[in-house]
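Novice: The structure under discussion is supplied below as structure tokens; questions concerning it will follow.
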Amino acid sequence: MPHPTPQAKPITRDDVARMAGVSSAVVSYVVNGGPRAVSPANTAKVRQAIRALGYRPNAAARALALGSSEMLAMIVPDAMNPFFAMLARAVENAAAERGYTLLLADSQASLRTERRLIKNFAARRVDGLFLWSELLEPDLIDLELADIPVVLLNHGTDLATAGDPVRMKHTAEGHGANSVGVAFQDGARRAVEHLIGHGHERIGLVMGTNAGGDRDTREAGWRQGIENAGLIPGPVLRVPFTREGGYYAGQELLARIERPTAVFVSSDQQAVALLCALHEGGVRVPEDIAVFSFDGSPESEYSWPRLSTVAQPVADMARAALDALLEPPAEEVQTKVFPAELILRASCGCH
């Protein structure tokens, strides 16, 4: 029987130290960027030895030594949605500034997939999780048992209207996680009021649906704006939070004999597809139907006409979410809610 070929011995930090003529601690400082400074001469020798030996730091050993994987995770319902791509980039940039790497996962708007991903990240012992859940009160038991902090990203309230973000405390009877969000209801109400200011009296709603069946506060804001003006609500079309959903809503509007003169759409992604359907049907925007959407994604700026939208302060939300995740745990969970900003463009009738 042939003898098995012996595997090459892995290169260690001590091997690099011997070749460079320095201590293993100096090698660690160079590889990890600290905590102590290393002279340029020794840094050059260590890096030259690393290249010559082909040394690769052991991430598992490093995590064990530090008591941290230096990895955070994020779950969103649709990674192909430009808004979530923008949010993920902002969170990743904020995490990188603190020395963390971000893992992104797509639940594809499925509760089953969302739960599986939560279990997966809990088993992998990430240092924390950002979650845009399909549920207002998601099941976080796996993360709690693993002592992994989580921040919910889609929680909001109608209390934030302008100025500084609102911070609210909750008792332990609610969800057991800090949360960051935007004033969905207030932003939707202000968008409707703006459409009313253009003279519209019949304003419809294209509202996205979620797997949990929870009522979205953007709908409450739409209804509040209309009722405050003493108007009758226009038609409500409930479709998925997708381009296909928005396109279908546009076709439904085209099929109606009496159409609303304006429509508020719950996401930019839906609104861009709705514009496509209206264009195909020969309906002019904003002359025949004005459109106002929600999110403030880059996609809204490059549609035709350009979309008026309720913009979420993504960069501020990302930094606040990271702070909430990495801060020492408090006795009460907190929600930090940011006011939204109206971005006025041609689709609502502004120029």
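Scheme for the structure tokens: letters A, B, ... for chains in order shown; per-chain residue numbers from 1; ligand numbers from 1 in order shown.
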What residues in region 196-333 of chain A get the DSSP label strand (DSSP E or B)? Please answer as a list in words.
Specialist: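 Going through region 196-333 of chain A, the strand (DSSP E or B) residues come out as Ile203, Gly204, Leu205, Val206, Met207, Gly208, Thr209, Val236, Leu237, Arg238, Val239, Pro240, Ala262, Val263, Phe264, Val265, Ala290, Val291, Phe292, Ser293, Phe294, Asp295, Ser308, Thr309, Val310, Ala311 and Val333 of chain A.
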Novice: Generate a file of the selected residues that holds C-alpha atoms, formatted as a compact mmCIF listing (two decimals), in the first residue's frame.
Specialist:
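Final output, selection_14.txt:
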```txt
# COMPACT_ATOMS: atom_id res chain seq x y z
CA ILE A 203 -55.87 60.31 -4.41
CA GLY A 204 -55.38 56.56 -4.67
CA LEU A 205 -52.96 54.27 -2.85
CA VAL A 206 -50.69 51.50 -4.13
CA MET A 207 -49.81 49.62 -0.97
CA GLY A 208 -47.27 46.83 -0.69
CA THR A 209 -48.14 43.65 1.17
CA VAL A 236 -56.55 51.12 -2.70
CA LEU A 237 -54.53 48.59 -4.70
CA ARG A 238 -52.66 45.99 -2.62
CA VAL A 239 -49.74 44.43 -4.48
CA PRO A 240 -46.33 42.94 -3.57
CA ALA A 262 -53.06 61.22 -8.14
CA VAL A 263 -51.65 58.14 -6.45
CA PHE A 264 -49.34 57.57 -3.49
CA VAL A 265 -47.11 54.50 -3.94
CA ALA A 290 -49.63 62.53 -10.47
CA VAL A 291 -47.37 60.06 -8.62
CA PHE A 292 -45.64 60.34 -5.23
CA SER A 293 -43.63 57.41 -3.84
CA PHE A 294 -41.66 56.43 -0.73
CA ASP A 295 -37.99 55.51 -0.06
CA SER A 308 -41.22 62.78 -6.18
CA THR A 309 -40.48 60.64 -3.15
CA VAL A 310 -40.40 60.53 0.65
CA ALA A 311 -36.72 59.94 1.35
CA VAL A 333 -35.05 48.47 24.54
```
Novice: Neighbours of region 79-82 of chain A within 10 Å (only C-alpha atoms; same-chain residues fewer than 3 positions away dropped), as a list in words?
Specialist: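 Neighbouring residues, sequence-local ones excluded: Ile75, Val76, Ala85, Met86, Leu87, Ala88, Leu104, Ala105, Asp106, Ser107, Gln108, Ala109, Phe241, Thr242, Arg243, Ser267, Asp268, Gln269, Gln270, Asp295, Gly296, Ser297, Pro298, Glu299 and Ser300 of chain A.
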Novice: Pick from A:Leu131, A:Leu136, A:Ser303, A:Val46: nearest to Gly212 (chain A), with only C-alpha atoms counted?
Specialist: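 When distances to Gly212 (chain A) are compared using only C-alpha atoms, the smallest one comes from A:Leu136.
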Novice: Using only C-alpha atoms, which of the listed residues (A:Val314, A:Leu253, A:Leu72, A:Leu231) sits closest to Glu193 (chain A)?
Specialist: A:Leu231
Novice: Please report the interatomic distance between CA of Arg284 (chain A) and CA of Arg189 (chain A) in Å with one decimal.
Specialist: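 Atom-to-atom, CA of Arg284 (chain A) to CA of Arg189 (chain A), that is 24.3 Å.
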Novice: I want to know what sits within 9 Å of Gln251 (chain A), based on only C-alpha atoms, with residues of the same chain fewer than 4 positions away left out; could you give that as a PyMOL selection string?
Specialist: chain A and resi 246-247+255-256+274+277-278+281
Novice: Excluding region 31-42 of chain A and residues on its chain fewer than 3 positions from it, collect all residues at most 8 Å away from it, counting only C-alpha atoms, and give them as a list in words.
Specialist: Ala20, Val22, Val26, Val27, Ser28, Lys45, Val46 and Pro57 of chain A
Novice: Please produce an output containing N, CA, C and O atoms for each residue in the selection, written as a PDB file, in the first residue's frame.
Specialist:
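What landed in part14.pdb:
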```
ATOM      1  N   ALA A  20      11.439  37.201   9.786  1.00  0.00           N
ATOM      2  CA  ALA A  20      11.587  38.652   9.833  1.00  0.00           C
ATOM      3  C   ALA A  20      12.546  39.112  10.926  1.00  0.00           C
ATOM      4  O   ALA A  20      12.970  40.275  10.934  1.00  0.00           O
ATOM      5  N   VAL A  22      11.809  39.272  14.178  1.00  0.00           N
ATOM      6  CA  VAL A  22      11.080  40.058  15.170  1.00  0.00           C
ATOM      7  C   VAL A  22      10.299  39.088  16.059  1.00  0.00           C
ATOM      8  O   VAL A  22      10.284  37.877  15.828  1.00  0.00           O
ATOM      9  N   VAL A  26       5.074  41.423  17.403  1.00  0.00           N
ATOM     10  CA  VAL A  26       5.233  42.444  16.359  1.00  0.00           C
ATOM     11  C   VAL A  26       4.490  42.024  15.091  1.00  0.00           C
ATOM     12  O   VAL A  26       3.852  42.838  14.424  1.00  0.00           O
ATOM     13  N   VAL A  27       4.563  40.737  14.754  1.00  0.00           N
ATOM     14  CA  VAL A  27       3.825  40.244  13.589  1.00  0.00           C
ATOM     15  C   VAL A  27       2.333  40.480  13.780  1.00  0.00           C
ATOM     16  O   VAL A  27       1.624  40.917  12.862  1.00  0.00           O
ATOM     17  N   SER A  28       1.838  40.221  14.996  1.00  0.00           N
ATOM     18  CA  SER A  28       0.424  40.437  15.288  1.00  0.00           C
ATOM     19  C   SER A  28       0.046  41.898  15.130  1.00  0.00           C
ATOM     20  O   SER A  28      -1.008  42.221  14.569  1.00  0.00           O
ATOM     21  N   LYS A  45       9.817  44.364   6.983  1.00  0.00           N
ATOM     22  CA  LYS A  45      10.368  43.010   7.111  1.00  0.00           C
ATOM     23  C   LYS A  45       9.263  41.980   7.344  1.00  0.00           C
ATOM     24  O   LYS A  45       9.303  40.880   6.785  1.00  0.00           O
ATOM     25  N   VAL A  46       8.282  42.342   8.158  1.00  0.00           N
ATOM     26  CA  VAL A  46       7.177  41.413   8.423  1.00  0.00           C
ATOM     27  C   VAL A  46       6.372  41.163   7.150  1.00  0.00           C
ATOM     28  O   VAL A  46       6.039  40.020   6.822  1.00  0.00           O
ATOM     29  N   PRO A  57      -3.454  34.696   7.950  1.00  0.00           N
ATOM     30  CA  PRO A  57      -3.904  34.697   9.349  1.00  0.00           C
ATOM     31  C   PRO A  57      -5.087  33.753   9.542  1.00  0.00           C
ATOM     32  O   PRO A  57      -5.945  33.611   8.665  1.00  0.00           O
TER      33      PRO A  57
END
```
Novice: Select from region 111-225 of chain A everything DSSP, run on the backbone, classes as alpha helix (DSSP H), then give the selection as a ChimeraX atom specification.
Specialist: /A:111-123,141-145,184-197,217-225
Novice: Which neighbours of Asn178 (chain A) fall inside 6 Å, counting only C-alpha atoms, when residues of the same chain fewer than 2 positions from it are skipped, and could you give them as number ranges by chain?
Specialist: A: 151, 333-335
